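Structure data follow from my_file_11.pdb (PDB, C-alpha atoms):
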ATOM      1  CA  MET A  40     -49.602  72.357  87.338
ATOM      2  CA  TRP A  41     -52.228  69.860  88.445
ATOM      3  CA  LYS A  42     -52.316  66.143  87.704
ATOM      4  CA  HIS A  43     -54.511  64.328  85.178
ATOM      5  CA  PHE A  44     -56.909  61.393  85.237
ATOM      6  CA  GLU A  45     -58.097  59.901  81.936
ATOM      7  CA  PHE A  46     -61.588  58.368  81.806
ATOM      8  CA  HIS A  47     -61.828  54.915  80.207
ATOM      9  CA  SER A  48     -65.243  53.398  79.515
ATOM     10  CA  GLN A  49     -63.753  49.908  79.980
ATOM     11  CA  SER A  50     -62.788  50.653  83.590
ATOM     12  CA  ILE A  51     -66.034  51.695  85.254
ATOM     13  CA  HIS A  52     -67.836  50.598  88.397
ATOM     14  CA  PHE A  53     -71.608  50.414  88.963
ATOM     15  CA  SER A  54     -71.804  48.300  92.101
ATOM     16  CA  SER A  55     -73.146  49.806  95.335
ATOM     17  CA  GLN A  56     -73.289  46.457  97.111
ATOM     18  CA  LYS A  57     -69.661  45.753  97.949
ATOM     19  CA  ASN A  58     -67.262  46.665 100.709
ATOM     20  CA  GLU A  59     -65.491  50.013 100.651
ATOM     21  CA  GLN A  60     -62.559  49.945  98.246
ATOM     22  CA  PHE A  61     -60.467  52.307  96.147
ATOM     23  CA  ASN A  62     -58.920  52.205  92.676
ATOM     24  CA  GLU A  63     -56.502  54.428  90.761
ATOM     25  CA  PHE A  64     -59.086  57.214  90.498
ATOM     26  CA  ASP A  65     -59.862  57.202  94.226
ATOM     27  CA  ILE A  66     -56.196  57.079  95.166
ATOM     28  CA  LEU A  67     -55.485  60.133  92.985
ATOM     29  CA  LEU A  68     -58.398  62.123  94.412
ATOM     30  CA  ARG A  69     -57.592  61.267  98.011
ATOM     31  CA  SER A  70     -53.824  61.714  97.706
ATOM     32  CA  GLU A  71     -54.208  65.127  96.065
ATOM     33  CA  TRP A  72     -56.664  66.168  98.773
ATOM     34  CA  ASP A  73     -54.258  64.959 101.482
ATOM     35  CA  ARG A  74     -51.435  66.873  99.791
ATOM     36  CA  ALA A  75     -53.502  70.060  99.936
ATOM     37  CA  VAL A  76     -54.126  69.490 103.633
ATOM     38  CA  THR A  77     -50.412  68.886 104.282
ATOM     39  CA  GLU A  78     -49.537  72.101 102.438
ATOM     40  CA  GLY A  79     -51.848  74.041 104.748
ATOM     41  CA  LEU A  80     -54.380  75.035 102.091
ATOM     42  CA  PHE A  81     -57.153  74.660 104.644
ATOM     43  CA  THR A  82     -57.433  77.008 107.590
ATOM     44  CA  PHE A  83     -59.277  74.516 109.800
ATOM     45  CA  GLU A  84     -58.849  70.890 110.793
ATOM     46  CA  ILE A  85     -60.751  68.419 108.608
ATOM     47  CA  THR A  86     -61.851  65.600 110.857
ATOM     48  CA  HIS A  87     -62.172  61.969 109.728
ATOM     49  CA  ASP A  88     -63.932  60.870 112.905
ATOM     50  CA  ALA A  89     -66.994  63.111 113.146
ATOM     51  CA  GLN A  90     -69.902  61.953 115.288
ATOM     52  CA  ARG A  91     -72.462  60.107 113.188
ATOM     53  CA  ARG A  92     -75.919  58.567 113.606
ATOM     54  CA  ILE A  93     -78.194  56.581 111.283
ATOM     55  CA  LEU A  94     -81.943  57.239 111.381
ATOM     56  CA  ASP A  95     -83.486  53.923 110.420
ATOM     57  CA  GLU A  96     -86.815  53.644 112.241
ATOM     58  CA  ASN A  97     -88.708  52.822 109.034
ATOM     59  CA  ASN A  98     -85.786  51.297 107.121
ATOM     60  CA  LEU A  99     -84.882  54.740 105.758
ATOM     61  CA  HIS A 100     -81.158  54.476 106.589
ATOM     62  CA  TYR A 101     -80.597  58.235 106.662
ATOM     63  CA  ILE A 102     -77.144  59.376 107.855
ATOM     64  CA  ILE A 103     -76.641  62.489 109.997
ATOM     65  CA  GLU A 104     -73.219  63.828 111.001
ATOM     66  CA  LEU A 105     -72.139  66.604 113.359
ATOM     67  CA  ASN A 106     -70.080  69.162 111.417
ATOM     68  CA  PRO A 107     -69.864  72.662 112.961
ATOM     69  CA  ASN A 108     -66.726  73.721 111.013
ATOM     70  CA  ARG A 109     -68.417  73.641 107.638
ATOM     71  CA  TYR A 110     -70.260  76.856 108.354
ATOM     72  CA  GLU A 111     -67.212  78.865 109.384
ATOM     73  CA  LYS A 112     -64.180  78.669 107.100
ATOM     74  CA  ARG A 113     -63.575  78.319 103.353
ATOM     75  CA  HIS A 114     -60.889  77.598 100.764
ATOM     76  CA  ALA A 115     -60.483  76.187  97.226
ATOM     77  CA  GLU A 116     -57.703  74.517  95.194
ATOM     78  CA  ILE A 117     -57.559  72.564  91.896
ATOM     79  CA  LEU A 118     -56.732  68.890  92.499
ATOM     80  CA  PHE A 119     -56.635  67.372  89.004
ATOM     81  CA  SER A 120     -58.284  67.394  85.586
ATOM     82  CA  PHE A 121     -60.684  64.671  84.490
ATOM     83  CA  ASP A 122     -59.710  64.006  80.869
ATOM     84  CA  ASN A 123     -60.779  61.900  77.917
ATOM     85  CA  GLU A 124     -59.171  61.233  74.553
ATOM     86  CA  GLN A 125     -60.490  64.477  73.051
ATOM     87  CA  ASP A 126     -60.353  66.914  75.955
ATOM     88  CA  LYS A 127     -57.538  67.871  78.316
ATOM     89  CA  ASP A 128     -58.000  70.275  81.239
ATOM     90  CA  LYS A 129     -61.662  70.807  80.290
ATOM     91  CA  TYR A 130     -63.117  69.122  83.384
ATOM     92  CA  LEU A 131     -61.568  70.126  86.700
ATOM     93  CA  VAL A 132     -61.852  68.492  90.126
ATOM     94  CA  ILE A 133     -61.439  71.179  92.774
ATOM     95  CA  ILE A 134     -61.407  71.192  96.574
ATOM     96  CA  ASN A 135     -64.787  72.357  97.808
ATOM     97  CA  ASN A 136     -64.687  75.819  99.390
ATOM     98  CA  SER A 137     -66.897  74.656 102.244
ATOM     99  CA  PRO A 138     -66.353  70.896 102.633
ATOM    100  CA  ILE A 139     -69.019  68.753 104.236
ATOM    101  CA  ARG A 140     -66.474  66.030 105.004
ATOM    102  CA  PRO A 141     -63.030  64.824 103.852
ATOM    103  CA  TYR A 142     -62.552  64.444 100.087
ATOM    104  CA  HIS A 143     -65.585  66.611  99.236
ATOM    105  CA  VAL A 144     -64.797  68.210  95.852
ATOM    106  CA  LEU A 145     -66.325  70.409  93.174
ATOM    107  CA  LEU A 146     -66.672  69.265  89.560
ATOM    108  CA  VAL A 147     -66.223  72.251  87.259
ATOM    109  CA  PRO A 148     -66.587  71.892  83.468
ATOM    110  CA  ASN A 149     -65.192  74.546  81.099
ATOM    111  CA  ARG A 150     -64.219  76.898  83.901
ATOM    112  CA  GLU A 151     -62.913  79.525  81.490
ATOM    113  CA  LEU A 152     -66.407  79.975  80.013
ATOM    114  CA  GLU A 153     -67.720  81.217  83.385
ATOM    115  CA  GLN A 154     -71.063  79.483  82.873
ATOM    116  CA  SER A 155     -73.928  80.236  85.228
ATOM    117  CA  GLN A 156     -75.318  77.561  87.546
ATOM    118  CA  VAL A 157     -77.688  76.028  84.978
ATOM    119  CA  LEU A 158     -77.166  72.339  84.324
ATOM    120  CA  ASN A 159     -76.215  71.257  80.792
ATOM    121  CA  ILE A 160     -75.579  67.884  79.137
ATOM    122  CA  ASP A 161     -71.804  68.276  79.367
ATOM    123  CA  CYS A 162     -71.946  68.770  83.127
ATOM    124  CA  ILE A 163     -74.392  65.878  83.603
ATOM    125  CA  LEU A 164     -72.042  63.540  81.725
ATOM    126  CA  PHE A 165     -69.108  64.780  83.812
ATOM    127  CA  GLY A 166     -71.004  63.838  86.967
ATOM    128  CA  MET A 167     -71.959  60.419  85.630
ATOM    129  CA  LYS A 168     -68.407  59.571  84.558
ATOM    130  CA  PHE A 169     -66.988  60.888  87.833
ATOM    131  CA  VAL A 170     -69.156  58.489  89.864
ATOM    132  CA  VAL A 171     -68.495  55.342  87.812
ATOM    133  CA  SER A 172     -64.753  56.034  87.653
ATOM    134  CA  SER A 173     -64.587  55.333  91.378
ATOM    135  CA  ALA A 174     -64.530  51.838  92.854
ATOM    136  CA  HIS A 175     -66.152  53.171  96.028
ATOM    137  CA  PRO A 176     -69.809  52.072  96.446
ATOM    138  CA  TYR A 177     -70.978  55.236  98.239
ATOM    139  CA  ILE A 178     -69.638  58.052  96.053
ATOM    140  CA  LEU A 179     -72.060  60.511  94.459
ATOM    141  CA  ALA A 180     -72.263  63.653  92.337
ATOM    142  CA  ALA A 181     -74.801  66.341  93.148
ATOM    143  CA  PHE A 182     -76.124  69.581  91.666
ATOM    144  CA  ASN A 183     -77.982  72.439  93.365
ATOM    145  CA  SER A 184     -79.870  74.876  91.173
ATOM    146  CA  LEU A 185     -80.194  78.567  91.859
ATOM    147  CA  CYS A 186     -82.714  78.932  94.706
ATOM    148  CA  GLY A 187     -81.966  75.276  95.518
ATOM    149  CA  TYR A 188     -78.957  76.020  97.751
ATOM    150  CA  ALA A 189     -76.447  76.644  94.951
ATOM    151  CA  SER A 190     -73.419  78.071  96.760
ATOM    152  CA  MET A 191     -72.369  80.256  93.808
ATOM    153  CA  ASN A 192     -73.647  81.170  90.345
ATOM    154  CA  HIS A 193     -70.859  79.354  88.484
ATOM    155  CA  LEU A 194     -71.541  75.956  86.920
ATOM    156  CA  HIS A 195     -70.413  73.131  89.205
ATOM    157  CA  MET A 196     -71.447  69.862  90.787
ATOM    158  CA  HIS A 197     -70.387  68.354  94.101
ATOM    159  CA  GLY A 198     -68.484  65.071  94.388
ATOM    160  CA  ILE A 199     -68.414  63.331  97.756
ATOM    161  CA  TYR A 200     -67.863  59.980  99.467
ATOM    162  CA  ILE A 201     -70.737  59.118 101.811
ATOM    163  CA  PRO A 202     -69.618  57.071 104.866
ATOM    164  CA  ASP A 203     -72.296  54.384 104.541
ATOM    165  CA  ARG A 204     -75.119  53.140 102.360
ATOM    166  CA  PHE A 205     -77.695  55.908 101.738
ATOM    167  CA  PHE A 206     -81.360  55.496 100.936
ATOM    168  CA  LEU A 207     -81.347  56.783  97.330
ATOM    169  CA  GLN A 208     -79.299  53.735  96.343
ATOM    170  CA  THR A 209     -82.133  51.309  97.016
ATOM    171  CA  ILE A 210     -85.395  53.232  97.383
ATOM    172  CA  LYS A 211     -88.204  51.973  95.156
ATOM    173  CA  CYS A 212     -89.596  54.177  92.391
ATOM    174  CA  THR A 213     -92.634  53.824  90.135
ATOM    175  CA  LEU A 214     -92.533  53.948  86.342
ATOM    176  CA  PHE A 215     -93.632  57.417  85.268
ATOM    177  CA  HIS A 216     -93.105  57.493  81.478
ATOM    178  CA  THR A 217     -92.449  54.287  79.578
ATOM    179  CA  LYS A 218     -91.055  55.760  76.348
ATOM    180  CA  SER A 219     -88.307  57.703  78.141
ATOM    181  CA  ASN A 220     -87.800  55.095  80.885
ATOM    182  CA  CYS A 221     -88.426  57.820  83.454
ATOM    183  CA  TYR A 222     -89.399  56.860  87.001
ATOM    184  CA  LEU A 223     -90.914  58.798  89.893
ATOM    185  CA  LEU A 224     -89.809  58.823  93.523
ATOM    186  CA  ASP A 225     -93.077  59.530  95.321
ATOM    187  CA  SER A 226     -92.430  58.110  98.803
ATOM    188  CA  PHE A 227     -92.502  61.622 100.327
ATOM    189  CA  ASP A 228     -94.498  64.788  99.753
ATOM    190  CA  ILE A 229     -91.483  66.138  97.846
ATOM    191  CA  GLN A 230     -91.035  64.156  94.630
ATOM    192  CA  ALA A 231     -88.230  63.414  92.183
ATOM    193  CA  PHE A 232     -87.944  62.171  88.616
ATOM    194  CA  ALA A 233     -85.477  59.303  88.245
ATOM    195  CA  PHE A 234     -83.467  57.511  85.546
ATOM    196  CA  GLU A 235     -81.044  54.602  85.504
ATOM    197  CA  CYS A 236     -78.159  53.381  83.319
ATOM    198  CA  GLN A 237     -76.818  49.846  83.186
ATOM    199  CA  HIS A 238     -74.104  50.555  80.577
ATOM    200  CA  VAL A 239     -71.895  53.494  79.661
ATOM    201  CA  LYS A 240     -73.374  53.455  76.151
ATOM    202  CA  GLU A 241     -76.642  54.677  77.723
ATOM    203  CA  PHE A 242     -75.033  57.761  79.256
ATOM    204  CA  GLU A 243     -75.597  60.167  76.361
ATOM    205  CA  ARG A 244     -79.282  59.314  75.946
ATOM    206  CA  THR A 245     -79.913  59.457  79.675
ATOM    207  CA  ALA A 246     -78.068  62.766  80.048
ATOM    208  CA  GLU A 247     -80.242  64.208  77.282
ATOM    209  CA  SER A 248     -83.381  63.054  79.105
ATOM    210  CA  VAL A 249     -82.195  64.514  82.403
ATOM    211  CA  TYR A 250     -81.386  67.784  80.635
ATOM    212  CA  LYS A 251     -84.865  67.949  79.103
ATOM    213  CA  ILE A 252     -86.300  68.090  82.606
ATOM    214  CA  THR A 253     -83.698  70.379  84.216
ATOM    215  CA  ASN A 254     -83.808  72.810  81.288
ATOM    216  CA  TYR A 255     -87.603  72.994  81.591
ATOM    217  CA  LEU A 256     -87.297  73.560  85.355
ATOM    218  CA  SER A 257     -84.695  76.302  84.870
ATOM    219  CA  LEU A 258     -86.771  78.091  82.244
ATOM    220  CA  SER A 259     -89.788  77.818  84.553
ATOM    221  CA  ASN A 260     -87.835  79.143  87.568
ATOM    222  CA  ILE A 261     -88.465  75.955  89.550
ATOM    223  CA  ALA A 262     -85.769  75.114  92.108
ATOM    224  CA  HIS A 263     -84.324  71.620  91.768
ATOM    225  CA  ASN A 264     -81.533  69.329  92.939
ATOM    226  CA  VAL A 265     -79.877  66.470  91.059
ATOM    227  CA  VAL A 266     -78.159  63.406  92.537
ATOM    228  CA  ILE A 267     -76.094  60.835  90.586
ATOM    229  CA  ALA A 268     -75.199  57.672  92.501
ATOM    230  CA  LYS A 269     -74.640  53.955  92.201
ATOM    231  CA  GLY A 270     -77.564  51.765  93.185
ATOM    232  CA  VAL A 271     -79.787  48.877  92.243
ATOM    233  CA  SER A 272     -82.167  48.837  89.302
ATOM    234  CA  PHE A 273     -85.711  50.064  89.805
ATOM    235  CA  SER A 274     -86.876  46.787  88.250
ATOM    236  CA  SER A 275     -84.514  44.331  89.980
ATOM    237  CA  PHE A 276     -82.389  44.589  93.126
ATOM    238  CA  SER A 277     -79.932  42.121  91.573
ATOM    239  CA  ILE A 278     -78.862  44.534  88.798
ATOM    240  CA  ASP A 279     -76.290  47.282  89.459
ATOM    241  CA  VAL A 280     -77.002  50.631  87.813
ATOM    242  CA  LEU A 281     -76.224  54.312  87.914
ATOM    243  CA  ARG A 282     -79.215  56.177  89.350
ATOM    244  CA  ILE A 283     -80.020  59.830  88.576
ATOM    245  CA  PHE A 284     -82.636  61.762  90.574
ATOM    246  CA  ILE A 285     -84.102  65.210  89.854
ATOM    247  CA  TRP A 286     -85.870  66.634  92.904
ATOM    248  CA  ILE A 287     -88.401  69.454  92.458
ATOM    249  CA  ARG A 288     -88.761  71.648  95.514
ATOM    250  CA  GLN A 289     -89.648  75.002  97.029
ATOM    251  CA  SER A 290     -87.226  77.836  96.344
ATOM    252  CA  VAL A 291     -84.818  78.967  99.037
ATOM    253  CA  VAL A 292     -84.665  82.755  99.245
ATOM    254  CA  ASN A 293     -81.194  84.276  99.751
ATOM    255  CA  GLY A 294     -79.760  80.905 100.810
ATOM    256  CA  LYS A 295     -81.825  80.914 104.020
ATOM    257  CA  MET A 296     -80.543  78.411 106.580
ATOM    258  CA  PHE A 297     -82.881  76.680 109.021
ATOM    259  CA  GLU A 298     -81.874  75.679 112.530
ATOM    260  CA  ARG A 299     -82.631  71.995 112.070
ATOM    261  CA  CYS A 300     -82.472  70.554 108.541
ATOM    262  CA  ASN A 301     -81.398  72.215 105.297
ATOM    263  CA  PHE A 302     -81.977  70.066 102.224
ATOM    264  CA  ALA A 303     -79.679  70.571  99.262
ATOM    265  CA  ALA A 304     -78.793  67.729  96.865
ATOM    266  CA  ILE A 305     -76.457  65.788  99.177
ATOM    267  CA  GLU A 306     -78.971  65.989 102.007
ATOM    268  CA  LEU A 307     -81.733  64.803  99.674
ATOM    269  CA  ALA A 308     -79.544  61.800  98.830
ATOM    270  CA  GLY A 309     -79.550  60.720 102.465
ATOM    271  CA  PHE A 310     -76.637  62.442 104.229
ATOM    272  CA  MET A 311     -77.163  65.442 106.527
ATOM    273  CA  PRO A 312     -74.306  67.478 108.088
ATOM    274  CA  LEU A 313     -75.569  69.282 111.180
ATOM    275  CA  GLN A 314     -74.055  72.343 112.793
ATOM    276  CA  HIS A 315     -75.642  72.165 116.234
ATOM    277  CA  GLU A 316     -74.991  69.328 118.684
ATOM    278  CA  ASN A 317     -78.464  69.506 120.239
ATOM    279  CA  VAL A 318     -80.077  69.002 116.815
ATOM    280  CA  PHE A 319     -77.701  66.119 116.097
ATOM    281  CA  ASN A 320     -78.653  64.416 119.372
ATOM    282  CA  GLU A 321     -82.404  65.035 119.182
ATOM    283  CA  LEU A 322     -83.239  64.577 115.485
ATOM    284  CA  THR A 323     -85.535  61.618 114.793
ATOM    285  CA  ASP A 324     -86.763  59.836 111.683
ATOM    286  CA  MET A 325     -90.156  61.535 112.070
ATOM    287  CA  THR A 326     -88.843  65.087 112.486
ATOM    288  CA  LEU A 327     -86.484  64.636 109.545
ATOM    289  CA  ARG A 328     -89.364  63.428 107.370
ATOM    290  CA  ASP A 329     -91.456  66.406 108.495
ATOM    291  CA  ASP A 330     -88.708  68.824 107.480
ATOM    292  CA  LEU A 331     -88.229  67.000 104.169
ATOM    293  CA  ASN A 332     -91.938  67.125 103.369
ATOM    294  CA  GLY A 333     -91.939  70.793 104.333
ATOM    295  CA  ILE A 334     -89.960  71.791 101.225
ATOM    296  CA  ALA A 335     -92.413  70.120  98.812
ATOM    297  CA  LEU A 336     -94.281  72.154  96.226
ATOM    298  CA  SER A 337     -98.058  72.106  96.395
ATOM    299  CA  THR A 338     -99.815  69.034  95.029
ATOM    300  CA  GLU A 339    -101.316  71.143  92.252
ATOM    301  CA  GLU A 340     -97.935  72.492  91.166
ATOM    302  CA  GLN A 341     -96.312  69.059  91.248
ATOM    303  CA  GLU A 342     -99.106  67.638  89.090
ATOM    304  CA  ARG A 343     -98.698  70.488  86.611
ATOM    305  CA  ILE A 344     -94.944  69.862  86.405
ATOM    306  CA  LYS A 345     -95.462  66.134  85.877
ATOM    307  CA  ASP A 346     -97.967  66.832  83.092
ATOM    308  CA  ASP A 347     -95.470  69.184  81.426
ATOM    309  CA  VAL A 348     -92.665  66.611  81.694
ATOM    310  CA  LYS A 349     -94.858  63.944  80.101
ATOM    311  CA  LYS A 350     -95.497  66.315  77.205
ATOM    312  CA  LEU A 351     -91.757  66.914  76.824
ATOM    313  CA  PHE A 352     -91.149  63.198  76.372
ATOM    314  CA  ASP A 353     -94.213  62.586  74.216
ATOM    315  CA  ASN A 354     -93.077  65.118  71.616
TER     316      ASN A 354
END
Now, as a test, write the supplied structure out as structure tokens.
Amino acid sequence: MWKHFEFHSQSIHFSSQKNEQFNEFDILLRSEWDRAVTEGLFTFEITHDAQRRILDENNLHYIIELNPNRYEKRHAEILFSFDNEQDKDKYLVIINNSPIRPYHVLLVPNRELEQSQVLNIDCILFGMKFVVSSAHPYILAAFNSLCGYASMNHLHMHGIYIPDRFFLQTIKCTLFHTKSNCYLLDSFDIQAFAFECQHVKEFERTAESVYKITNYLSLSNIAHNVVIAKGVSFSSFSIDVLRIFIWIRQSVVNGKMFERCNFAAIELAGFMPLQHENVFNELTDMTLRDDLNGIALSTEEQERIKDDVKKLFDN
């Protein structure tokens, strides 16, 4: 039987501006992962010293990492359950079946219900609590919709430690809708809605707002990716918050993989695993931005979506 971690709202961490450190939650996750490796539950070597570069020509601070093994071998194993006072064994932390890097896990709520890969409030809250339970500044939770590089049609999010600061933690956003406190990331052709939380008591309301958008996108068959990460407030770089981004993007047909850059949620956060060494060596800030902008919806469609989202929050 797997181990248990109990979430406590008094022991949470919002800071993204400190040195790398670990608490009881991180130690459990990492020790259970290491145990699985020792027991031979992976069929390939998981490297801790992959080659890495940072693309920072325009202060983007985008991390790329060479990772050819990810595309070849797979496995999965339950590590522990993420509990609260009411629920035991409802939220499971599982080894990812195709890990991007060490300690990359899946967050699976209500596994026995066999829910399809459509985000709900319960799963959003799981991701939020997962991130703030860690003392690590560069941990995130991420969701890929169907046609947005979802790896399987079974409800899950990704949990992963990023090796350095990533751009979504500090990038500036503009206020989009005052009543809902919704912001817009419009620094690229591809855009994202954004929210922030300064306190755990704001989690429920924020999760409901995020769900309003993702539910609309799902019903409208619009591919999307969600990232939950620690960062600074959109209004003040001196305030630590939890940031949530909802990217709207072109659909990916049959999980098509491109030779250079493939943008799912983790890649949209600012971390790109690359399979081919020549791409790793030659990729530049400009070519990465070109590939990122290449998955944007048309201007007309993005404007229509933004108008619809405003109506959702006005009602």
What separation in Å, quoted to one decimal, exists between atom CA of A:Leu185 and atom CA of A:Asp228?
21.4 Å
Which residues match the PyMOL selection byres ((chain A and resi 239) around 9) in the file above, as a ChimeraX atom specification?
/A:48-49,51,168,236-238,240-243
Selected residue, from A:Glu59, A:Glu124, A:Asp65, A:Asp347, that lies nearest to A:Ser259 when counting only C-alpha atoms:
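Closest residue, counting only C-alpha atoms: A:Asp347.
Separating atom CA of A:His100 from atom CA of A:His197 is a distance of 21.6 Å.
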Residue nearest A:Asn260 - candidates A:Ile93, A:Asn301, A:Asn58, A:Gln289, atoms counted: only C-alpha atoms
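Of A:Ile93, A:Asn301, A:Asn58, A:Gln289, the one nearest A:Asn260 is A:Gln289, counting only C-alpha atoms.
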Up to 12 Å from (-76.2, 76.4, 91.9) in the file's coordinates: name the residues, counting only C-alpha atoms, as an NGL selection string.
:A and (145 or 147 or 154-158 or 181-197 or 257 or 262-265 or 290-291 or 294 or 303-304)
Can you pull out every residue within 6 Å of stretch 170-177 of chain A, counting all atoms listed in the file, but drop anything in the same chain fewer than 6 positions away, and send it as an NGL selection string?
:A and (51-53 or 55 or 59-62 or 64-65 or 200-201)
Can I get the selected residues back with C-alpha atoms, as an mmCIF file, keeping the file's coordinate frame?
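Once everything was written out, this is again_15.cif:
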data_model
loop_
_atom_site.group_PDB
_atom_site.id
_atom_site.type_symbol
_atom_site.label_atom_id
_atom_site.label_comp_id
_atom_site.auth_asym_id
_atom_site.auth_seq_id
_atom_site.Cartn_x
_atom_site.Cartn_y
_atom_site.Cartn_z
ATOM 1 C CA ILE A 51 -66.034 51.695 85.254
ATOM 2 C CA HIS A 52 -67.836 50.598 88.397
ATOM 3 C CA PHE A 53 -71.608 50.414 88.963
ATOM 4 C CA SER A 55 -73.146 49.806 95.335
ATOM 5 C CA GLU A 59 -65.491 50.013 100.651
ATOM 6 C CA GLN A 60 -62.559 49.945 98.246
ATOM 7 C CA PHE A 61 -60.467 52.307 96.147
ATOM 8 C CA ASN A 62 -58.920 52.205 92.676
ATOM 9 C CA PHE A 64 -59.086 57.214 90.498
ATOM 10 C CA ASP A 65 -59.862 57.202 94.226
ATOM 11 C CA TYR A 200 -67.863 59.980 99.467
ATOM 12 C CA ILE A 201 -70.737 59.118 101.811
#
Excluding stretch 315-323 of chain A and residues on its chain fewer than 3 positions from it, collect all residues at most 9 Å away from it, counting only C-alpha atoms, and give them as a count of residues only.
17
What does the distance from atom CA of A:Trp72 to atom CA of A:His143 come to in Å, to one decimal?
8.9 Å
Run the PyMOL selection byres ((chain A and resi 208-214) around 8) on the file and write out the hits as a PyMOL selection string.
chain A and resi 55+204-207+215-217+220-225+233+268-271+273+276+282
